[in-house]
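Q: Sharing query.cif, mmCIF, C-alpha atoms and all ligand atoms:
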```cif
data_model
#
loop_
_atom_site.label_atom_id
_atom_site.label_comp_id
_atom_site.auth_asym_id
_atom_site.auth_seq_id
_atom_site.Cartn_x
_atom_site.Cartn_y
_atom_site.Cartn_z
CA MET A 1 19.68 131.04 118.38
CA ASN A 2 18.25 127.87 116.86
CA ALA A 3 14.79 128.11 115.36
CA PRO A 4 12.28 126.81 117.92
CA SER A 5 10.88 124.33 115.39
CA VAL A 6 14.13 122.32 115.36
CA GLN A 7 13.89 119.31 117.64
CA PRO A 8 17.10 119.07 119.71
CA LEU A 9 19.18 115.89 119.65
CA ILE A 10 17.99 113.69 122.51
CA ASP A 11 19.32 110.15 122.89
CA PRO A 12 17.35 107.09 124.09
CA PHE A 13 18.43 107.76 127.68
CA ALA A 14 17.03 111.31 127.61
CA ARG A 15 20.48 112.92 127.38
CA ALA A 16 20.60 116.06 125.22
CA ILE A 17 23.56 116.03 122.84
CA SER A 18 25.06 119.52 122.85
CA TYR A 19 28.75 118.80 122.47
CA LEU A 20 30.57 117.58 119.35
CA ARG A 21 34.23 116.64 119.29
CA VAL A 22 35.70 116.59 115.84
CA SER A 23 38.94 114.92 114.84
CA VAL A 24 40.20 116.77 111.78
CA THR A 25 43.21 114.52 111.11
CA ASP A 26 44.64 111.24 112.35
CA ARG A 27 48.18 112.54 111.78
CA CYS A 28 50.47 114.00 114.38
CA ASP A 29 53.95 115.43 114.71
CA PHE A 30 54.40 113.55 118.03
CA ARG A 31 54.27 109.83 118.82
CA CYS A 32 53.20 109.77 122.49
CA VAL A 33 53.91 106.32 123.92
CA TYR A 34 50.37 105.80 125.29
CA CYS A 35 48.67 107.07 122.13
CA MET A 36 50.55 105.84 119.08
CA ALA A 37 53.07 103.23 118.00
CA GLU A 38 56.26 104.77 116.64
CA GLN A 39 55.52 103.42 113.18
CA MET A 40 51.97 104.40 112.37
CA THR A 41 50.11 103.88 109.15
CA PHE A 42 47.91 106.90 108.55
CA LEU A 43 44.86 107.13 106.38
CA PRO A 44 45.24 108.10 102.74
CA LYS A 45 44.41 111.81 102.47
CA ALA A 46 41.52 111.07 100.10
CA GLU A 47 39.71 109.29 102.95
CA LEU A 48 39.55 112.46 105.04
CA LEU A 49 36.59 114.76 104.99
CA THR A 50 37.48 117.91 103.11
CA LEU A 51 37.37 121.20 104.99
CA GLU A 52 34.12 122.00 103.14
CA GLU A 53 32.60 118.68 104.24
CA LEU A 54 33.71 119.31 107.82
CA ASP A 55 32.03 122.70 107.66
CA ARG A 56 28.79 121.26 106.28
CA LEU A 57 28.67 118.52 108.90
CA CYS A 58 29.57 120.72 111.88
CA SER A 59 27.04 123.30 110.72
CA ALA A 60 24.35 120.59 110.60
CA PHE A 61 25.16 119.62 114.19
CA VAL A 62 25.00 123.27 115.23
CA ARG A 63 21.55 123.59 113.60
CA LEU A 64 20.48 120.54 115.62
CA GLY A 65 21.49 122.15 118.89
CA VAL A 66 25.20 121.46 119.35
CA GLN A 67 26.56 124.42 121.31
CA LYS A 68 30.12 123.35 121.88
CA LEU A 69 32.57 122.26 119.24
CA ARG A 70 35.98 120.88 120.19
CA ILE A 71 38.49 120.38 117.39
CA THR A 72 41.00 117.63 117.99
CA GLY A 73 42.94 114.86 116.24
CA GLY A 74 45.69 113.58 115.82
CA GLU A 75 47.15 117.01 116.06
CA PRO A 76 44.53 119.41 114.71
CA LEU A 77 47.01 122.18 113.94
CA VAL A 78 49.00 120.00 111.51
CA ARG A 79 45.95 119.67 109.22
CA LYS A 80 46.61 121.74 106.12
CA GLY A 81 44.27 124.72 105.86
CA ILE A 82 42.78 124.19 109.32
CA MET A 83 42.70 127.91 110.03
CA GLN A 84 40.28 128.29 107.13
CA PHE A 85 37.95 125.95 109.03
CA PHE A 86 38.30 127.92 112.28
CA ARG A 87 37.61 131.15 110.40
CA ALA A 88 34.48 129.59 108.92
CA MET A 89 33.19 128.29 112.28
CA ARG A 90 33.39 131.78 113.71
CA ARG A 91 30.11 132.61 111.96
CA HIS A 92 28.26 130.23 114.31
CA LEU A 93 29.73 132.02 117.33
CA ASP A 94 28.67 135.33 115.81
CA THR A 95 25.04 134.21 115.46
CA GLY A 96 25.05 132.86 119.03
CA ALA A 97 24.11 129.32 117.88
CA LEU A 98 27.50 128.06 119.00
CA ARG A 99 28.56 128.97 122.51
CA GLU A 100 32.07 127.63 122.41
CA LEU A 101 34.68 126.84 119.76
CA THR A 102 37.74 125.21 121.23
CA LEU A 103 40.54 122.76 120.56
CA THR A 104 42.77 120.16 122.14
CA THR A 105 46.36 120.41 120.95
CA ASN A 106 49.84 119.21 121.76
CA GLY A 107 50.92 122.87 121.51
CA SER A 108 53.68 122.32 118.94
CA GLN A 109 52.13 124.68 116.35
CA LEU A 110 50.49 127.09 118.77
CA ALA A 111 53.12 129.80 118.61
CA ARG A 112 52.23 130.57 115.00
CA HIS A 113 48.46 130.08 115.27
CA ALA A 114 47.53 131.42 118.72
CA GLU A 115 46.66 134.95 117.66
CA GLU A 116 44.51 133.89 114.76
CA LEU A 117 42.73 131.27 116.86
CA ALA A 118 41.88 133.97 119.38
CA ALA A 119 40.64 136.17 116.52
CA CYS A 120 38.37 133.29 115.41
CA GLY A 121 36.69 133.35 118.81
CA VAL A 122 38.63 130.54 120.54
CA ARG A 123 38.71 131.64 124.16
CA ARG A 124 39.90 128.46 125.86
CA ILE A 125 42.20 125.66 124.75
CA ASN A 126 43.41 122.37 126.16
CA VAL A 127 47.11 121.69 125.82
CA SER A 128 48.45 118.22 126.55
CA LEU A 129 51.61 118.24 128.63
CA ASP A 130 52.73 115.28 130.71
CA THR A 131 55.99 116.59 132.11
CA LEU A 132 57.99 119.79 132.56
CA ASP A 133 61.28 117.97 132.14
CA PRO A 134 62.72 118.31 128.59
CA ASP A 135 64.30 114.84 128.53
CA ARG A 136 61.19 113.13 129.82
CA PHE A 137 59.12 115.11 127.37
CA ALA A 138 61.27 113.85 124.50
CA ARG A 139 60.87 110.30 125.83
CA VAL A 140 57.09 110.34 126.26
CA THR A 141 56.31 112.15 122.99
CA ARG A 142 59.18 110.42 121.12
CA TRP A 143 59.31 113.25 118.54
CA GLY A 144 58.39 116.35 120.55
CA ARG A 145 60.47 119.20 121.96
CA LEU A 146 59.41 120.86 125.18
CA PRO A 147 60.66 124.42 124.44
CA GLN A 148 58.48 124.58 121.32
CA VAL A 149 55.40 123.63 123.33
CA MET A 150 56.22 126.07 126.11
CA GLU A 151 56.52 128.81 123.50
CA GLY A 152 53.14 127.82 122.13
CA ILE A 153 51.53 127.94 125.57
CA ALA A 154 53.06 131.36 126.21
CA ALA A 155 51.71 132.61 122.85
CA ALA A 156 48.22 131.34 123.67
CA LYS A 157 48.33 133.07 127.03
CA ALA A 158 49.56 136.29 125.42
CA ALA A 159 46.66 136.07 122.93
CA GLY A 160 44.26 136.06 125.89
CA MET A 161 43.17 132.42 125.83
CA LYS A 162 42.46 130.47 129.01
CA ILE A 163 44.60 127.35 129.10
CA LYS A 164 43.85 123.94 130.51
CA ILE A 165 46.81 121.64 130.79
CA ASN A 166 45.94 117.95 130.34
CA THR A 167 48.39 115.58 131.95
CA VAL A 168 48.15 111.82 131.54
CA ALA A 169 49.07 110.21 134.87
CA LEU A 170 51.68 107.57 134.06
CA LYS A 171 53.04 105.18 136.59
CA GLY A 172 56.79 105.40 137.03
CA PHE A 173 56.93 108.41 134.72
CA ASN A 174 55.46 111.59 136.17
CA GLU A 175 54.53 110.46 139.68
CA ASP A 176 57.12 112.80 141.13
CA GLU A 177 55.91 115.81 139.11
CA VAL A 178 52.44 116.21 140.56
CA PHE A 179 53.51 119.11 142.76
CA THR A 180 55.79 120.77 140.20
CA LEU A 181 53.01 120.70 137.61
CA ALA A 182 50.43 122.01 140.10
CA GLU A 183 52.74 124.82 141.18
CA TRP A 184 53.63 125.83 137.63
CA CYS A 185 49.95 125.91 136.64
CA ALA A 186 49.08 127.97 139.73
CA ALA A 187 51.84 130.47 138.93
CA GLU A 188 50.79 130.73 135.26
CA GLY A 189 47.03 130.81 135.91
CA HIS A 190 46.35 127.55 134.02
CA THR A 191 43.89 124.88 135.08
CA LEU A 192 45.49 121.46 135.48
CA THR A 193 43.64 118.23 134.70
CA PHE A 194 44.96 114.74 135.21
CA ILE A 195 43.77 111.94 132.89
CA GLU A 196 43.89 108.19 133.39
CA VAL A 197 45.31 106.09 130.58
CA MET A 198 42.53 104.44 128.59
CA PRO A 199 42.79 101.17 126.66
CA MET A 200 42.64 102.55 123.14
CA GLY A 201 44.43 100.99 120.18
CA ASP A 202 47.39 98.68 119.75
CA LEU A 203 50.65 100.34 120.82
CA GLY A 204 53.06 97.84 119.39
CA GLY A 205 53.90 96.06 122.63
CA GLU A 206 53.49 98.89 125.21
CA ASP A 207 52.04 97.61 128.47
CA ARG A 208 48.78 99.34 129.43
CA ILE A 209 48.54 98.10 132.97
CA GLY A 210 52.18 99.12 133.47
CA GLN A 211 51.21 102.66 132.42
CA TYR A 212 48.02 102.90 134.44
CA TRP A 213 48.22 105.05 137.55
CA SER A 214 44.88 105.52 139.29
CA LEU A 215 43.85 109.11 139.90
CA ARG A 216 42.79 108.08 143.39
CA ASP A 217 46.50 107.76 144.08
CA VAL A 218 47.23 111.10 142.39
CA ARG A 219 44.58 112.70 144.58
CA ALA A 220 46.01 111.08 147.70
CA ARG A 221 49.47 112.35 146.73
CA LEU A 222 48.15 115.92 146.32
CA ALA A 223 46.35 115.69 149.67
CA GLU A 224 49.72 115.15 151.37
CA ARG A 225 50.50 118.82 150.70
CA TYR A 226 47.21 120.56 149.88
CA THR A 227 43.69 120.81 151.24
CA LEU A 228 41.38 119.59 148.45
CA THR A 229 37.80 120.87 148.33
CA ASP A 230 35.45 119.10 145.93
CA LEU A 231 33.71 121.48 143.56
CA ASP A 232 30.19 120.91 142.34
CA GLU A 233 31.05 121.89 138.79
CA ARG A 234 29.91 119.39 136.16
CA THR A 235 30.73 119.62 132.49
CA GLY A 236 28.64 116.66 131.34
CA GLY A 237 31.95 114.88 130.87
CA PRO A 238 34.26 112.72 132.93
CA ALA A 239 36.05 115.59 134.68
CA ARG A 240 35.58 116.22 138.37
CA TYR A 241 37.11 119.32 139.90
CA VAL A 242 38.64 120.26 143.24
CA ARG A 243 40.09 123.51 144.56
CA LEU A 244 43.52 123.49 146.17
CA GLU A 245 42.88 125.79 149.10
CA GLU A 246 46.53 126.82 149.55
CA THR A 247 46.86 128.13 145.97
CA GLY A 248 43.19 128.73 145.14
CA GLN A 249 43.60 126.92 141.82
CA LYS A 250 41.11 124.56 140.20
CA LEU A 251 42.32 121.07 139.41
CA GLY A 252 40.51 118.35 137.49
CA PHE A 253 40.53 114.57 137.37
CA ILE A 254 39.32 112.66 134.33
CA THR A 255 38.62 109.15 135.53
CA PRO A 256 36.87 107.04 132.94
CA LEU A 257 38.13 103.86 134.61
CA SER A 258 37.99 104.26 138.36
CA HIS A 259 34.83 106.36 138.13
CA ASN A 260 32.01 106.00 135.63
CA PHE A 261 30.58 109.19 134.15
CA CYS A 262 28.26 107.98 131.42
CA GLU A 263 24.94 109.01 132.97
CA SER A 264 25.58 112.67 132.24
CA CYS A 265 27.22 112.21 128.82
CA ASN A 266 26.24 115.02 126.43
CA ARG A 267 28.75 114.37 123.64
CA VAL A 268 29.48 112.47 120.46
CA ARG A 269 32.68 112.21 118.43
CA LEU A 270 33.27 112.62 114.74
CA THR A 271 36.38 111.11 113.15
CA CYS A 272 38.30 112.72 110.32
CA THR A 273 36.68 110.26 107.90
CA GLY A 274 33.16 111.19 108.96
CA GLU A 275 32.38 108.28 111.26
CA LEU A 276 30.29 109.32 114.21
CA PHE A 277 31.07 107.46 117.42
CA MET A 278 28.23 107.80 119.86
CA CYS A 279 30.44 106.50 122.71
CA LEU A 280 34.24 106.71 123.12
CA GLY A 281 34.31 103.21 124.60
CA GLN A 282 32.09 101.31 122.15
CA GLU A 283 32.59 100.16 118.59
CA ASP A 284 29.21 101.22 117.13
CA LYS A 285 29.47 104.08 114.66
CA ALA A 286 27.50 105.80 111.93
CA ASP A 287 28.95 106.65 108.53
CA LEU A 288 28.14 110.32 108.00
CA ARG A 289 30.58 110.63 105.10
CA ALA A 290 28.27 108.41 103.05
CA ALA A 291 25.39 110.70 103.95
CA LEU A 292 27.48 113.73 103.00
CA ARG A 293 28.57 112.31 99.67
CA SER A 294 25.27 110.73 98.64
CA GLY A 295 24.15 113.88 96.89
CA GLY A 296 21.28 114.37 99.33
CA ASP A 297 20.39 117.72 100.85
CA ASP A 298 20.94 118.92 104.40
CA SER A 299 17.69 117.40 105.63
CA ALA A 300 18.96 113.93 104.60
CA LEU A 301 22.17 114.66 106.50
CA GLU A 302 20.20 115.75 109.55
CA GLN A 303 18.17 112.53 109.37
CA ALA A 304 21.39 110.50 109.32
CA ILE A 305 22.60 112.39 112.41
CA ARG A 306 19.31 111.82 114.23
CA GLY A 307 19.43 108.13 113.33
CA ALA A 308 22.89 107.86 114.87
CA ILE A 309 21.93 109.66 118.08
CA ALA A 310 19.01 107.26 118.45
CA ARG A 311 21.64 104.49 118.80
CA LYS A 312 23.77 106.17 121.49
CA PRO A 313 24.50 103.46 124.07
CA LYS A 314 24.11 103.83 127.80
CA GLY A 315 27.84 103.71 128.53
CA HIS A 316 31.26 102.17 128.07
CA ASP A 317 32.69 98.94 129.51
CA PHE A 318 36.30 99.85 130.30
CA ASP A 319 37.51 98.00 133.36
CA TYR A 320 41.05 97.38 134.69
CA SER A 321 39.86 95.96 137.99
CA ARG A 322 41.00 92.39 137.39
CA GLN A 323 44.46 93.38 136.21
CA LYS A 324 43.31 92.56 132.73
CA VAL A 325 42.20 95.20 130.28
CA GLU A 326 38.48 94.68 129.78
CA GLY A 327 36.35 96.52 127.29
CA GLN A 328 39.31 97.55 125.16
CA VAL A 329 38.46 99.14 121.84
CA SER A 330 40.68 98.58 118.84
CA ARG A 331 40.96 102.10 117.45
CA HIS A 332 43.51 104.66 118.64
CA MET A 333 42.55 107.76 120.55
CA SER A 334 44.02 109.79 117.68
CA HIS A 335 41.41 108.24 115.39
CA THR A 336 38.35 109.00 117.52
CA GLY A 337 39.76 112.26 118.82
CA GLY A 338 40.63 112.58 122.50
N1 LIG B 401 47.20 115.86 119.67
C1 LIG B 401 46.33 116.55 120.55
C2 LIG B 401 46.83 116.45 121.98
O1 LIG B 401 47.71 115.64 122.27
O2 LIG B 401 46.29 117.18 122.80
C3 LIG B 401 44.88 116.13 120.47
C4 LIG B 401 44.59 114.69 120.33
S1 LIG B 401 45.08 113.64 121.69
C5 LIG B 401 44.53 112.08 121.13
C6 LIG B 401 43.90 114.16 122.93
C7 LIG B 401 44.21 113.76 124.34
O3 LIG B 401 44.12 112.36 124.44
C8 LIG B 401 45.58 114.15 124.85
O4 LIG B 401 45.42 114.89 126.05
C9 LIG B 401 46.25 112.83 125.14
O5 LIG B 401 47.10 112.93 126.23
C10 LIG B 401 45.07 111.94 125.38
N2 LIG B 401 45.31 110.52 125.15
C11 LIG B 401 45.84 109.90 124.07
N3 LIG B 401 45.87 108.56 124.22
C12 LIG B 401 45.35 108.32 125.45
C13 LIG B 401 45.09 107.13 126.20
N4 LIG B 401 45.37 105.94 125.73
N5 LIG B 401 44.53 107.28 127.42
C14 LIG B 401 44.22 108.51 127.92
N6 LIG B 401 44.43 109.65 127.27
C15 LIG B 401 44.99 109.57 126.04
FE1 LIG B 402 49.80 113.14 118.96
FE2 LIG B 402 48.13 113.96 120.83
FE3 LIG B 402 48.46 111.35 120.37
FE4 LIG B 402 50.44 112.69 121.46
S1 LIG B 402 48.41 112.37 122.35
S2 LIG B 402 50.62 111.25 119.74
S3 LIG B 402 50.24 114.64 120.55
S4 LIG B 402 47.59 112.80 118.99
#
```
What does the file become when written as structure tokens?

A:
Amino acid sequence: MNAPSVQPLIDPFARAISYLRVSVTDRCDFRCVYCMAEQMTFLPKAELLTLEELDRLCSAFVRLGVQKLRITGGEPLVRKGIMQFFRAMRRHLDTGALRELTLTTNGSQLARHAEELAACGVRRINVSLDTLDPDRFARVTRWGRLPQVMEGIAAAKAAGMKIKINTVALKGFNEDEVFTLAEWCAAEGHTLTFIEVMPMGDLGGEDRIGQYWSLRDVRARLAERYTLTDLDERTGGPARYVRLEETGQKLGFITPLSHNFCESCNRVRLTCTGELFMCLGQEDKADLRAALRSGGDDSALEQAIRGAIARKPKGHDFDYSRQKVEGQVSRHMSHTGG
């Protein structure tokens, strides 16, 4: 447990910050059409925090009361040596300071890492999967192969991890797969969560409004076949859950656009270069890499973190309501970490 003398991280709107999402790389072995342009320029490797710096920074957040750490990217499992980082973070689970160590992955490298992740204390993972059709999968990810991801998911299940499937709802793409996805998840024991497309980054000509499919419509589609019961469960994030009475499964909706969730926000996001974004939908950030590399001790680093949290804004300004993308931010999701 944290020493009682440590003041927890509380932002100006009295929200306790207990959840850190960490992007460990901006690179990826896929090029999902809503996330990246096909030709991406990635950061020079020297810009990235080293694994030791990531450890020092994450450990500082844990000392300040962060209880949940989600590792993301880019594709976190393509970062060289990433398992060394997972092995190191296990010590915070062992002391009880960290309650959960988890990751969001495209699943492509899961088959070879699942067992070791489980051994490092990862009990739940999010796997992004927008379709169960191999040809569609190749189209939406540009570079991905569905069988490889399915193998990865099977390996994670065999290693005892709980799996949440994240599906981006895309107009004209997976509208007809809502039931197939729900049924497959029910049969496999996975939780399914639908996500709305968010206006992040330049996609080289892709049309955001063309991609946007409101989750209200997804919900209405599901209600044609299932009885949906709203669940009270709150994660501090944008997900809202229902139970499908006919299958008993839990299903989530992440609706940053048609439904605002900022009042209960408990999280901040660290990029692979050490920038801390206090809000996914705002441009303000704090440079923690400078604090890390300044030669100061951990108390200077903790001061820099506290200074950043003191600037956490009330909320984001995304809005598609006038058929024009309002509140767009220029960086890609793979930079901030989804
Ligand atoms: N590569 C990993 C993966 O795909 O799970 C982790 C990083 S990815 C950026 C995290 C999540 O963000 C994925 O579920 C992806 O579908 C989602 N995502 C990416 N771009 C998005 C966008 N513009 N709007 C909504 N979700 C997006
Ligand atoms: Fe890669 Fe994930 Fe972005 Fe797809 S959503 S391109 S898998 S980072």

Q: Excluding same-chain residues fewer than 3 positions from A:Ile195, what lies within 7 Å of it counting all atoms listed in the file, as a VMD selection string?

A: chain A and resid 166 to 169 253 to 255

Q: Which of these, A:Arg87, A:His92, A:Arg139, A:Arg15, has the shortest distance to ligand LIG 402 (chain B) once you count only C-alpha atoms and all ligand atoms?

A: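 Result for the nearest residue to ligand LIG 402 (chain B): A:Arg139.
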
Q: Using atom S1 of ligand LIG 402 (chain B) and atom CA of A:Ser23 as the two end points, give the distance in Å to one decimal.

A: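 These two atoms are separated by 12.4 Å.
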
Q: Report, in Å with one decimal, the straight-line distance from atom CA of A:Thr131 to atom CA of A:Thr41.

A: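 Interatomic distance here is 26.9 Å.
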
Q: From the options A:Glu75, A:Asp11, A:Glu224, A:Glu52, which residue's atoms come nearest to ligand LIG 402 (chain B), counting all atoms listed in the file?

A: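 Ranked by minimum distance to ligand LIG 402 (chain B), first place goes to A:Glu75.
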
Q: Please determine, counting all atoms listed in the file, which residue among A:Arg136, A:Lys157, A:Met150, A:Lys68 has the shortest atom-to-atom distance to A:Ala118.

A: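 Between A:Arg136, A:Lys157, A:Met150, A:Lys68, the residue approaching A:Ala118 most closely is A:Lys157.
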
Q: Measuring between all atoms listed in the file, which one of A:Gln67, A:Ser299, A:Ser128, A:Ser59 shows the shortest distance to ligand LIG 402 (chain B)?

A: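 Among the listed residues, A:Ser128 lies closest to ligand LIG 402 (chain B).
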
Q: Output: stretch 175-188 of chain A of the preceding structure, restricted to N, CA, C and O atoms, written as a short mmCIF file (atom, residue, chain, number, x, y, z; two decimals), in the first residue's frame.

A:
```cif
data_model
loop_
_atom_site.label_atom_id
_atom_site.label_comp_id
_atom_site.auth_asym_id
_atom_site.auth_seq_id
_atom_site.Cartn_x
_atom_site.Cartn_y
_atom_site.Cartn_z
N GLU A 175 -21.58 -2.88 -39.93
CA GLU A 175 -22.97 -2.76 -39.46
C GLU A 175 -23.68 -4.10 -39.41
O GLU A 175 -24.49 -4.35 -38.53
N ASP A 176 -23.36 -4.96 -40.37
CA ASP A 176 -24.06 -6.25 -40.43
C ASP A 176 -23.40 -7.32 -39.55
O ASP A 176 -23.79 -8.48 -39.60
N GLU A 177 -22.39 -6.94 -38.76
CA GLU A 177 -21.70 -7.95 -37.94
C GLU A 177 -21.99 -7.84 -36.45
O GLU A 177 -21.39 -8.56 -35.65
N VAL A 178 -22.87 -6.92 -36.10
CA VAL A 178 -23.17 -6.70 -34.69
C VAL A 178 -23.59 -8.00 -34.01
O VAL A 178 -23.08 -8.36 -32.95
N PHE A 179 -24.46 -8.75 -34.66
CA PHE A 179 -24.96 -9.98 -34.04
C PHE A 179 -23.91 -11.09 -34.07
O PHE A 179 -23.73 -11.82 -33.09
N THR A 180 -23.19 -11.19 -35.19
CA THR A 180 -22.16 -12.25 -35.28
C THR A 180 -21.09 -12.02 -34.21
O THR A 180 -20.64 -12.97 -33.56
N LEU A 181 -20.69 -10.77 -34.04
CA LEU A 181 -19.66 -10.46 -33.04
C LEU A 181 -20.18 -10.75 -31.63
O LEU A 181 -19.49 -11.34 -30.81
N ALA A 182 -21.43 -10.34 -31.37
CA ALA A 182 -22.02 -10.56 -30.04
C ALA A 182 -22.12 -12.07 -29.76
O ALA A 182 -21.79 -12.53 -28.66
N GLU A 183 -22.52 -12.82 -30.76
CA GLU A 183 -22.69 -14.27 -30.55
C GLU A 183 -21.34 -14.96 -30.35
O GLU A 183 -21.20 -15.83 -29.49
N TRP A 184 -20.36 -14.55 -31.13
CA TRP A 184 -19.02 -15.15 -30.97
C TRP A 184 -18.46 -14.84 -29.58
O TRP A 184 -17.94 -15.73 -28.90
N CYS A 185 -18.62 -13.60 -29.14
CA CYS A 185 -18.11 -13.23 -27.80
C CYS A 185 -18.85 -14.01 -26.71
O CYS A 185 -18.24 -14.46 -25.74
N ALA A 186 -20.16 -14.16 -26.87
CA ALA A 186 -20.93 -14.91 -25.87
C ALA A 186 -20.43 -16.35 -25.81
O ALA A 186 -20.20 -16.89 -24.72
N ALA A 187 -20.20 -16.94 -26.97
CA ALA A 187 -19.76 -18.35 -27.01
C ALA A 187 -18.37 -18.50 -26.40
O ALA A 187 -18.06 -19.50 -25.75
N GLU A 188 -17.50 -17.51 -26.61
CA GLU A 188 -16.11 -17.59 -26.14
C GLU A 188 -15.92 -17.08 -24.71
O GLU A 188 -14.84 -17.20 -24.14
#
```
